[in-house]
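Below: the structure, in structure tokens.
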Protein chains: 2
Amino acid sequence: MAGVLYVISGPSGVGKTSIIDGVMKKVKNVVFSVSCTTRPKRPNEVDGRDYFFVDERTFKCMMEQDEFLEWAVVHGYYYGTPRKFVEEQLKNNVNVILDIDVQGAMTVMKKVKDAVFIFIAPPSFEELKRRLMRRGTERQEDMMKRLEDAKKELEQIPKFQYLIVNVDLQESIDQLTSIIVAEQLKVERVIERLGSHKIFSDGGDSQ
Amino acid sequence: MAGVLYVISGPSGVGKTSIIDGVMKKVKNVVFSVSCTTRPKRPNEVDGRDYFFVDERTFKCMMEQDEFLEWAVVHGYYYGTPRKFVEEQLKNNVNVILDIDVQGAMTVMKKVKDAVFIFIAPPSFEELKRRLMRRGTERQEDMMKRLEDAKKELEQIPKFQYLIVNVDLQESIDQLTSIIVAEQLKVERVIERLGSHKIFSDGGDSQ
């Protein structure tokens with residue numbers, strides 16, 4: 001597969017969506033993979049842009065048809081990445097960004113060998129709590145659950161390749177942009193993209 | 001060693017110096033390692049900024065004292081990287097850029113395991129020839145020698161981690177900047193820099 005798959009993960013409320021939104025405006029050759037979920041739509045969300053909002057029956061049917069690259073139950077709701085979209089983009093040399101939970105990222109680690117795994121961490125646990133409270137979409141007991149999950153998720157950081165500590169949104173956007181650009185400059189990817197004849201040829205002087 | 005060593009290499013005339021000059025203005029936590037050489041100073045060069053210009057006797061004496069991280073003879077002149085400066089910077093968490101020839105980069109590959117190796121290639125062989133001619137500091141026979149060496153150097157590309165094809169100076173500056181930023185976001189480096197307690201701690205809520 002010639003496109004690069006970027007898997008962005010981290011605890012709920014850490015700011016993944018805002019960072020990715022900022023990156024999508026700066027980086028050109030990347031598409032965002034829209035996940036399916038059974039979670040209710042939040043007021044500012046748009047179906048088909050933020051998520052494909054489906055009911056549980058539809059989701060389970062898609063699971064049975066093996067339509068997901070990965071799926072997970074997070075805080076009581078199903079989330080899944082449509083496999084076909086991702087595979088087609090990568091095959092067509094388009095780079096793809098996934099915004100998925102830590103469990104889902106672990107699944108993709110096993111399935112896609114040359115994907116790039118980036119963890120977004122909060123500056124501190126206190127700050128994560130503040131952000132979740134500010135979001136105000138959570139009931140108290142949901143929030144406690146998310147914070148408890150976050151502790152376990154942070155333990156998975158060493159399995160990722162890159163770590164962005166989201167202190168300042170603009171800085172995090174610049175950092176994720178740099179990772180995306182740099183990974184496309186890995187020698188084997190450039191050679192695959194350009195073809196080795198393009199790089200090693202001497203313009204016909206002596207061959 | 002906590003600083004990152006970035007080794008920038010590629011054929012003579014490919015534009016390494018201009019790219020690095022541009023990067024040094026954009027990136028803050030990086031210093032440039034000034035090499036020693038026995039090659040004559042070019043009109044625009046400054047001793048101690050571009051190179052330490054020394055005579056062959058001094059150079060050989062430094063070699064005997066094991067003062068070089070790497071040294072090589074390139075186009076009939078000696079070039080070497082002062083070891084002490086590089087080691088001290090890295091120890092003090094300062095990132096270091098080396099601008100060295102391909103032979104020298106190979107030596108550093110063997111000595112510094114976690115250095116980052118970046119190859120700068122010309123868009124084509126013809127373009128490299130044009131750039132060397134434009135530089136106008138070469139005698140015809142020196143230039144032919146440099147072009148022949150370049151062919152062999154390009155064969156070493158697969159040993160490097162990153163490849164920048166220098167088509168447009170500004171784009172190459174942005175690309176090298178991205179690589180430098182991204183490498184500092186590698187999980188193990190962030191954890192080493194911040195300390196794992198900082199990332200995994202929950203702010204004292206429950207420990």
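Chain identifiers are assigned as A, B, and so on, following the order in which chains appear in the structure tokens; residues are numbered from 1 within each chain, and ligands are numbered from 1 in order of appearance.
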Could you list, as a CSV table (one decimal) with all heavy atoms, in the first residue's frame, every residue of chain B that has an atom within 7 Å of an atom of chain A, counting only C-alpha atoms?
chain,number,residue,atom,x,y,z
B,124,SER,N,17.9,15.6,-10.1
B,124,SER,CA,18.4,14.8,-11.2
B,124,SER,C,19.9,15.0,-11.3
B,124,SER,O,20.4,16.0,-10.7
B,124,SER,CB,17.8,15.1,-12.5
B,124,SER,OG,18.2,16.4,-13.0
B,125,PHE,N,20.5,14.2,-12.0
B,125,PHE,CA,22.0,14.3,-12.1
B,125,PHE,C,22.4,15.5,-12.9
B,125,PHE,O,23.3,16.2,-12.6
B,125,PHE,CB,22.5,13.0,-12.8
B,125,PHE,CG,23.8,12.6,-12.3
B,125,PHE,CD1,23.9,12.0,-11.1
B,125,PHE,CD2,25.0,12.8,-13.0
B,125,PHE,CE1,25.1,11.6,-10.6
B,125,PHE,CE2,26.2,12.5,-12.6
B,125,PHE,CZ,26.3,11.9,-11.3
B,126,GLU,N,21.6,15.8,-14.0
B,126,GLU,CA,21.8,17.0,-14.8
B,126,GLU,C,21.7,18.3,-13.9
B,126,GLU,O,22.5,19.2,-14.1
B,126,GLU,CB,20.7,17.1,-15.9
B,126,GLU,CG,21.0,16.2,-17.1
B,126,GLU,CD,22.3,16.5,-17.7
B,126,GLU,OE1,22.7,17.6,-17.9
B,126,GLU,OE2,23.1,15.5,-17.9
B,154,LEU,N,24.9,8.3,-4.2
B,154,LEU,CA,23.4,8.1,-4.3
B,154,LEU,C,23.1,6.6,-4.0
B,154,LEU,O,22.0,6.3,-3.6
B,154,LEU,CB,23.0,8.5,-5.7
B,154,LEU,CG,23.0,10.0,-6.0
B,154,LEU,CD1,22.6,10.3,-7.4
B,154,LEU,CD2,22.1,10.8,-5.1
B,155,GLU,N,24.0,5.7,-4.3
B,155,GLU,CA,23.7,4.3,-4.0
B,155,GLU,C,23.6,4.0,-2.5
B,155,GLU,O,23.1,3.0,-2.2
B,155,GLU,CB,24.9,3.4,-4.6
B,155,GLU,CG,24.8,3.4,-6.1
B,155,GLU,CD,26.1,2.8,-6.7
B,155,GLU,OE1,26.9,2.2,-6.0
B,155,GLU,OE2,26.2,2.9,-8.0
B,158,PRO,N,19.7,4.1,0.5
B,158,PRO,CA,18.8,3.1,1.3
B,158,PRO,C,19.3,2.9,2.8
B,158,PRO,O,18.6,2.5,3.6
B,158,PRO,CB,18.9,1.8,0.5
B,158,PRO,CG,19.2,2.2,-0.9
B,158,PRO,CD,20.1,3.4,-0.8
B,160,PHE,N,20.1,5.4,4.7
B,160,PHE,CA,19.6,6.5,5.5
B,160,PHE,C,18.2,6.3,5.9
B,160,PHE,O,17.5,5.5,5.3
B,160,PHE,CB,19.8,7.8,4.6
B,160,PHE,CG,21.2,8.3,4.5
B,160,PHE,CD1,22.1,7.5,3.8
B,160,PHE,CD2,21.6,9.4,5.2
B,160,PHE,CE1,23.5,7.9,3.7
B,160,PHE,CE2,23.0,9.8,5.1
B,160,PHE,CZ,23.9,9.1,4.4
B,161,GLN,N,17.7,7.2,6.8
B,161,GLN,CA,16.3,7.0,7.3
B,161,GLN,C,15.4,7.9,6.5
B,161,GLN,O,14.2,7.6,6.2
B,161,GLN,CB,16.2,7.4,8.8
B,161,GLN,CG,16.7,6.4,9.7
B,161,GLN,CD,17.2,7.0,11.0
B,161,GLN,OE1,18.3,7.5,11.1
B,161,GLN,NE2,16.3,7.0,12.0
B,162,TYR,N,15.8,9.1,6.1
B,162,TYR,CA,15.0,10.1,5.4
B,162,TYR,C,15.7,10.5,4.2
B,162,TYR,O,16.9,10.6,4.1
B,162,TYR,CB,14.8,11.3,6.3
B,162,TYR,CG,14.0,11.1,7.6
B,162,TYR,CD1,14.6,10.8,8.8
B,162,TYR,CD2,12.6,11.0,7.5
B,162,TYR,CE1,13.8,10.6,9.9
B,162,TYR,CE2,11.8,10.8,8.7
B,162,TYR,CZ,12.5,10.6,9.9
B,162,TYR,OH,11.7,10.4,11.0
B,163,LEU,N,14.8,10.9,3.2
B,163,LEU,CA,15.3,11.4,1.9
B,163,LEU,C,14.6,12.6,1.5
B,163,LEU,O,13.4,12.6,1.3
B,163,LEU,CB,15.2,10.3,0.8
B,163,LEU,CG,15.5,10.6,-0.6
B,163,LEU,CD1,16.9,11.2,-0.8
B,163,LEU,CD2,15.3,9.4,-1.5
B,164,ILE,N,15.3,13.7,1.3
B,164,ILE,CA,14.8,15.0,0.8
B,164,ILE,C,15.3,15.2,-0.6
B,164,ILE,O,16.5,15.2,-0.8
B,164,ILE,CB,15.1,16.2,1.7
B,164,ILE,CG1,14.5,16.0,3.1
B,164,ILE,CG2,14.8,17.5,1.1
B,164,ILE,CD1,14.9,17.1,4.1
B,175,GLN,N,10.8,20.7,4.9
B,175,GLN,CA,10.8,19.3,5.1
B,175,GLN,C,11.8,18.9,6.2
B,175,GLN,O,11.5,18.1,7.1
B,175,GLN,CB,11.1,18.6,3.8
B,175,GLN,CG,9.9,18.7,2.8
B,175,GLN,CD,10.2,18.0,1.5
B,175,GLN,OE1,11.4,17.8,1.1
B,175,GLN,NE2,9.2,17.6,0.8
B,178,SER,N,10.5,19.7,9.6
B,178,SER,CA,9.5,18.7,10.0
B,178,SER,C,10.2,17.5,10.5
B,178,SER,O,9.8,16.9,11.6
B,178,SER,CB,8.6,18.3,8.8
B,178,SER,OG,7.7,19.4,8.5
B,179,ILE,N,11.2,17.0,9.9
B,179,ILE,CA,11.9,15.8,10.3
B,179,ILE,C,12.5,16.1,11.7
B,179,ILE,O,12.4,15.2,12.6
B,179,ILE,CB,13.0,15.4,9.3
B,179,ILE,CG1,12.4,14.9,8.0
B,179,ILE,CG2,13.9,14.3,10.0
B,179,ILE,CD1,13.4,14.8,6.9
B,181,VAL,N,11.6,18.3,14.0
B,181,VAL,CA,10.5,18.4,15.0
B,181,VAL,C,9.9,17.0,15.3
B,181,VAL,O,9.8,16.6,16.5
B,181,VAL,CB,9.4,19.3,14.5
B,181,VAL,CG1,8.2,19.2,15.5
B,181,VAL,CG2,9.9,20.7,14.4
B,182,ALA,N,9.6,16.2,14.3
B,182,ALA,CA,9.0,14.9,14.4
B,182,ALA,C,9.9,13.9,15.2
B,182,ALA,O,9.4,13.3,16.1
B,182,ALA,CB,8.7,14.3,13.1
B,185,LEU,N,9.6,14.0,18.8
B,185,LEU,CA,8.3,13.6,19.3
B,185,LEU,C,8.2,12.1,19.4
B,185,LEU,O,7.1,11.5,19.7
B,185,LEU,CB,7.1,14.2,18.5
B,185,LEU,CG,7.1,15.7,18.5
B,185,LEU,CD1,6.1,16.2,17.3
B,185,LEU,CD2,6.6,16.2,19.8
B,186,LYS,N,9.3,11.4,19.0
B,186,LYS,CA,9.3,9.9,19.2
B,186,LYS,C,9.0,9.6,20.7
B,186,LYS,O,9.6,10.2,21.5
B,186,LYS,CB,10.7,9.4,18.7
B,186,LYS,CG,10.9,9.4,17.2
B,186,LYS,CD,10.3,8.1,16.6
B,186,LYS,CE,10.3,8.1,15.1
B,186,LYS,NZ,11.7,7.8,14.6
B,187,VAL,N,8.2,8.6,20.9
B,187,VAL,CA,7.7,8.3,22.3
B,187,VAL,C,8.9,8.2,23.3
B,187,VAL,O,8.9,8.9,24.3
B,187,VAL,CB,6.9,7.0,22.3
B,187,VAL,CG1,6.7,6.5,23.7
B,187,VAL,CG2,5.5,7.3,21.7
B,190,VAL,N,10.4,11.6,24.1
B,190,VAL,CA,9.5,12.5,25.0
B,190,VAL,C,9.5,12.0,26.4
B,190,VAL,O,9.6,12.8,27.3
B,190,VAL,CB,8.0,12.5,24.4
B,190,VAL,CG1,7.2,13.5,25.3
B,190,VAL,CG2,8.0,13.0,23.0
B,199,ILE,N,4.1,12.1,32.7
B,199,ILE,CA,3.1,11.7,31.7
B,199,ILE,C,2.0,10.7,32.3
B,199,ILE,O,0.8,10.8,32.0
B,199,ILE,CB,3.7,11.0,30.5
B,199,ILE,CG1,4.6,12.1,29.8
B,199,ILE,CG2,2.7,10.5,29.5
B,199,ILE,CD1,5.6,11.5,28.9
B,200,PHE,N,2.5,9.8,33.1
B,200,PHE,CA,1.6,8.8,33.6
B,200,PHE,C,0.9,9.1,34.9
B,200,PHE,O,0.1,8.4,35.4
B,200,PHE,CB,2.3,7.4,33.7
B,200,PHE,CG,2.9,7.0,32.4
B,200,PHE,CD1,4.3,6.9,32.3
B,200,PHE,CD2,2.1,6.7,31.3
B,200,PHE,CE1,4.9,6.6,31.0
B,200,PHE,CE2,2.7,6.3,30.1
B,200,PHE,CZ,4.1,6.3,30.0
B,202,ASP,N,-1.4,10.8,37.7
B,202,ASP,CA,-2.8,11.3,37.7
B,202,ASP,C,-2.9,12.6,38.6
B,202,ASP,O,-4.0,12.8,39.1
B,202,ASP,CB,-3.8,10.2,38.0
B,202,ASP,CG,-3.5,9.7,39.4
B,202,ASP,OD1,-2.6,10.3,40.1
B,202,ASP,OD2,-4.3,8.8,39.8
B,203,GLY,N,-1.9,13.3,38.8
B,203,GLY,CA,-2.0,14.6,39.5
B,203,GLY,C,-2.2,14.4,41.0
B,203,GLY,O,-2.6,15.3,41.7
- prompt: B:Asp101: which residues within 10 Å, counting only C-alpha atoms, same-chain residues fewer than 4 positions away excluded, as a PyMOL selection string?
  reply: chain B and resi 7-12+71-74+79-80+105-106+119+153
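DSSP annotation of stretch 67-202 of chain A from backbone atoms: strand (DSSP E) residues are A:Phe68, A:Leu69, A:Glu70, A:Trp71, A:Ala72, A:Val73, A:Val74, A:Tyr77, A:Tyr78, A:Tyr79, A:Gly80, A:Thr81, A:Pro82, A:Asn95, A:Val96, A:Ile97, A:Leu98, A:Asp99, A:Val116, A:Phe117, A:Ile118, A:Phe119, A:Ile120, A:Ala121, A:Tyr162, A:Leu163, A:Ile164, A:Val165.
Distance-wise, atom CA of B:Tyr51 and atom CA of B:Gln65 end up 19.4 Å apart.
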Excluding stretch 88-100 of chain B and its own-chain neighbours fewer than 3 positions away, which residues fall within 9 Å of it when counting only C-alpha atoms? Please give them as a compact mmCIF listing (two decimals) with all heavy atoms, in the first residue's frame.
# COMPACT_ATOMS: atom_id res chain seq x y z
N MET B 1 22.46 9.50 25.88
CA MET B 1 22.53 10.90 25.45
C MET B 1 21.13 11.41 25.15
O MET B 1 20.36 10.78 24.43
CB MET B 1 23.39 10.99 24.19
CG MET B 1 24.88 10.81 24.51
SD MET B 1 25.94 11.16 23.12
CE MET B 1 25.61 9.75 22.07
N ALA B 2 20.81 12.57 25.65
CA ALA B 2 19.43 13.02 25.56
C ALA B 2 19.16 13.94 24.37
O ALA B 2 18.03 14.02 23.92
CB ALA B 2 19.04 13.72 26.85
N GLY B 3 20.18 14.64 23.86
CA GLY B 3 19.97 15.42 22.65
C GLY B 3 19.92 14.48 21.45
O GLY B 3 20.37 13.35 21.52
N VAL B 4 19.33 14.98 20.36
CA VAL B 4 19.25 14.18 19.14
C VAL B 4 20.33 14.65 18.17
O VAL B 4 20.52 15.85 17.99
CB VAL B 4 17.87 14.32 18.46
CG1 VAL B 4 17.78 13.41 17.24
CG2 VAL B 4 16.75 14.03 19.44
N LEU B 5 21.05 13.69 17.58
CA LEU B 5 22.07 14.01 16.58
C LEU B 5 21.47 13.82 15.18
O LEU B 5 21.04 12.72 14.84
CB LEU B 5 23.29 13.10 16.76
CG LEU B 5 24.46 13.34 15.80
CD1 LEU B 5 25.03 14.74 15.95
CD2 LEU B 5 25.55 12.29 16.02
N TYR B 6 21.41 14.91 14.43
CA TYR B 6 20.88 14.86 13.06
C TYR B 6 22.05 14.91 12.09
O TYR B 6 22.79 15.90 12.08
CB TYR B 6 19.96 16.04 12.79
CG TYR B 6 18.75 16.08 13.69
CD1 TYR B 6 18.72 16.85 14.85
CD2 TYR B 6 17.61 15.33 13.39
CE1 TYR B 6 17.61 16.88 15.68
CE2 TYR B 6 16.49 15.34 14.21
CZ TYR B 6 16.50 16.12 15.35
OH TYR B 6 15.40 16.14 16.17
N VAL B 7 22.20 13.89 11.28
CA VAL B 7 23.30 13.83 10.32
C VAL B 7 22.74 14.10 8.93
O VAL B 7 21.96 13.31 8.39
CB VAL B 7 23.98 12.45 10.36
CG1 VAL B 7 25.13 12.40 9.37
CG2 VAL B 7 24.47 12.14 11.77
N ILE B 8 23.12 15.25 8.37
CA ILE B 8 22.62 15.65 7.05
C ILE B 8 23.73 15.38 6.05
O ILE B 8 24.84 15.90 6.21
CB ILE B 8 22.28 17.17 7.00
CG1 ILE B 8 21.64 17.66 8.30
CG2 ILE B 8 21.44 17.50 5.78
CD1 ILE B 8 20.30 17.15 8.60
N SER B 9 23.43 14.61 5.03
CA SER B 9 24.46 14.25 4.08
C SER B 9 23.93 14.25 2.66
O SER B 9 22.72 14.36 2.44
CB SER B 9 25.02 12.87 4.47
OG SER B 9 26.24 12.64 3.85
N GLY B 10 24.85 14.11 1.71
CA GLY B 10 24.45 14.12 0.29
C GLY B 10 25.61 14.61 -0.53
O GLY B 10 26.61 15.09 0.02
N LYS B 16 23.03 21.30 0.62
CA LYS B 16 22.96 21.03 2.06
C LYS B 16 23.09 22.30 2.90
O LYS B 16 22.30 22.54 3.82
CB LYS B 16 24.09 20.08 2.48
CG LYS B 16 23.97 18.67 1.94
CD LYS B 16 24.98 17.72 2.59
CE LYS B 16 26.44 18.00 2.24
NZ LYS B 16 26.78 17.80 0.82
N THR B 17 24.12 23.11 2.57
CA THR B 17 24.41 24.28 3.40
C THR B 17 23.24 25.27 3.40
O THR B 17 22.84 25.76 4.45
CB THR B 17 25.70 24.97 2.90
OG1 THR B 17 26.72 23.98 2.80
CG2 THR B 17 26.15 26.05 3.85
N ILE B 20 20.35 23.88 5.50
CA ILE B 20 20.64 23.92 6.94
C ILE B 20 20.58 25.37 7.44
O ILE B 20 20.02 25.63 8.51
CB ILE B 20 21.99 23.26 7.24
CG1 ILE B 20 21.88 21.75 6.99
CG2 ILE B 20 22.42 23.52 8.69
CD1 ILE B 20 23.19 20.99 7.05
N ASN B 29 15.96 24.75 19.25
CA ASN B 29 16.77 23.95 20.17
C ASN B 29 17.80 23.07 19.46
O ASN B 29 17.98 21.92 19.81
CB ASN B 29 15.87 23.10 21.06
CG ASN B 29 14.93 22.26 20.21
OD1 ASN B 29 14.83 22.46 19.00
ND2 ASN B 29 14.27 21.31 20.83
N VAL B 30 18.45 23.65 18.45
CA VAL B 30 19.42 22.88 17.66
C VAL B 30 20.68 23.73 17.45
O VAL B 30 20.57 24.91 17.18
CB VAL B 30 18.80 22.51 16.29
CG1 VAL B 30 19.85 21.96 15.35
CG2 VAL B 30 17.66 21.52 16.44
N VAL B 31 21.86 23.10 17.60
CA VAL B 31 23.10 23.80 17.26
C VAL B 31 23.77 23.10 16.09
O VAL B 31 23.55 21.92 15.85
CB VAL B 31 24.08 23.88 18.45
CG1 VAL B 31 23.49 24.66 19.61
CG2 VAL B 31 24.51 22.48 18.89
N PHE B 32 24.58 23.85 15.38
CA PHE B 32 25.28 23.32 14.22
C PHE B 32 26.71 22.97 14.62
O PHE B 32 27.39 23.76 15.26
CB PHE B 32 25.28 24.39 13.12
CG PHE B 32 26.00 23.98 11.88
CD1 PHE B 32 25.46 23.03 11.02
CD2 PHE B 32 27.24 24.53 11.55
CE1 PHE B 32 26.12 22.64 9.87
CE2 PHE B 32 27.92 24.14 10.40
CZ PHE B 32 27.34 23.19 9.56
N SER B 33 27.14 21.77 14.26
CA SER B 33 28.51 21.36 14.56
C SER B 33 29.42 21.82 13.42
O SER B 33 29.25 21.41 12.27
CB SER B 33 28.56 19.83 14.69
OG SER B 33 29.88 19.38 14.49
N VAL B 34 30.37 22.68 13.74
CA VAL B 34 31.31 23.19 12.73
C VAL B 34 32.44 22.17 12.54
O VAL B 34 33.08 21.77 13.50
CB VAL B 34 31.87 24.56 13.16
CG1 VAL B 34 32.86 25.09 12.13
CG2 VAL B 34 30.73 25.56 13.37
N SER B 35 32.64 21.74 11.29
CA SER B 35 33.67 20.75 10.98
C SER B 35 35.03 21.41 10.81
O SER B 35 35.12 22.61 10.56
CB SER B 35 33.32 20.01 9.69
OG SER B 35 32.13 19.29 9.84
N TYR B 79 38.30 16.29 6.03
CA TYR B 79 37.16 16.88 6.74
C TYR B 79 36.94 16.06 8.01
O TYR B 79 37.05 14.83 7.96
CB TYR B 79 35.87 16.80 5.90
CG TYR B 79 35.87 17.65 4.66
CD1 TYR B 79 36.50 17.22 3.50
CD2 TYR B 79 35.23 18.88 4.64
CE1 TYR B 79 36.51 18.00 2.35
CE2 TYR B 79 35.21 19.66 3.50
CZ TYR B 79 35.86 19.22 2.35
OH TYR B 79 35.85 19.99 1.22
N GLY B 80 36.64 16.72 9.12
CA GLY B 80 36.42 15.96 10.35
C GLY B 80 35.46 16.68 11.28
O GLY B 80 35.36 17.91 11.28
N THR B 81 34.74 15.90 12.09
CA THR B 81 33.78 16.45 13.05
C THR B 81 34.39 16.38 14.45
O THR B 81 34.66 15.29 14.94
CB THR B 81 32.49 15.60 13.05
OG1 THR B 81 31.94 15.61 11.74
CG2 THR B 81 31.48 16.15 14.05
N ARG B 83 34.78 15.73 18.01
CA ARG B 83 33.99 14.83 18.83
C ARG B 83 33.47 15.50 20.11
O ARG B 83 32.30 15.35 20.47
CB ARG B 83 34.87 13.65 19.24
CG ARG B 83 34.24 12.69 20.24
CD ARG B 83 35.31 11.89 20.99
NE ARG B 83 36.17 11.16 20.09
CZ ARG B 83 35.81 10.03 19.48
NH1 ARG B 83 34.63 9.49 19.73
NH2 ARG B 83 36.64 9.42 18.66
N LYS B 84 34.35 16.26 20.77
CA LYS B 84 34.03 16.77 22.11
C LYS B 84 32.82 17.69 22.09
O LYS B 84 31.92 17.56 22.93
CB LYS B 84 35.25 17.52 22.66
CG LYS B 84 35.31 17.54 24.18
CD LYS B 84 36.60 18.21 24.66
CE LYS B 84 36.37 18.87 26.01
NZ LYS B 84 37.49 19.74 26.39
N PHE B 85 32.78 18.61 21.13
CA PHE B 85 31.66 19.55 21.02
C PHE B 85 30.34 18.80 20.91
O PHE B 85 29.39 19.06 21.66
CB PHE B 85 31.85 20.47 19.80
CG PHE B 85 30.68 21.37 19.55
CD1 PHE B 85 30.51 22.55 20.25
CD2 PHE B 85 29.71 21.03 18.60
CE1 PHE B 85 29.42 23.38 20.03
CE2 PHE B 85 28.61 21.85 18.37
CZ PHE B 85 28.47 23.02 19.08
N GLN B 103 30.59 9.43 3.16
CA GLN B 103 31.53 8.53 3.88
C GLN B 103 31.47 8.78 5.38
O GLN B 103 31.41 7.84 6.17
CB GLN B 103 32.98 8.84 3.48
CG GLN B 103 33.46 8.41 2.14
CD GLN B 103 34.92 8.90 1.98
OE1 GLN B 103 35.83 8.45 2.67
NE2 GLN B 103 35.13 9.84 1.08
N GLY B 104 31.52 10.06 5.76
CA GLY B 104 31.49 10.43 7.17
C GLY B 104 30.20 9.96 7.83
O GLY B 104 30.21 9.46 8.96
N ALA B 105 29.08 10.10 7.11
CA ALA B 105 27.78 9.67 7.65
C ALA B 105 27.80 8.17 7.96
O ALA B 105 27.29 7.72 8.98
CB ALA B 105 26.66 10.01 6.67
N ARG B 193 12.66 12.90 28.02
CA ARG B 193 12.75 14.34 28.26
C ARG B 193 11.89 14.77 29.44
O ARG B 193 12.31 15.55 30.29
CB ARG B 193 12.31 15.07 26.99
CG ARG B 193 13.00 16.38 26.74
CD ARG B 193 12.87 16.82 25.29
NE ARG B 193 11.52 16.82 24.79
CZ ARG B 193 11.14 16.24 23.64
NH1 ARG B 193 12.00 15.60 22.89
NH2 ARG B 193 9.89 16.30 23.25
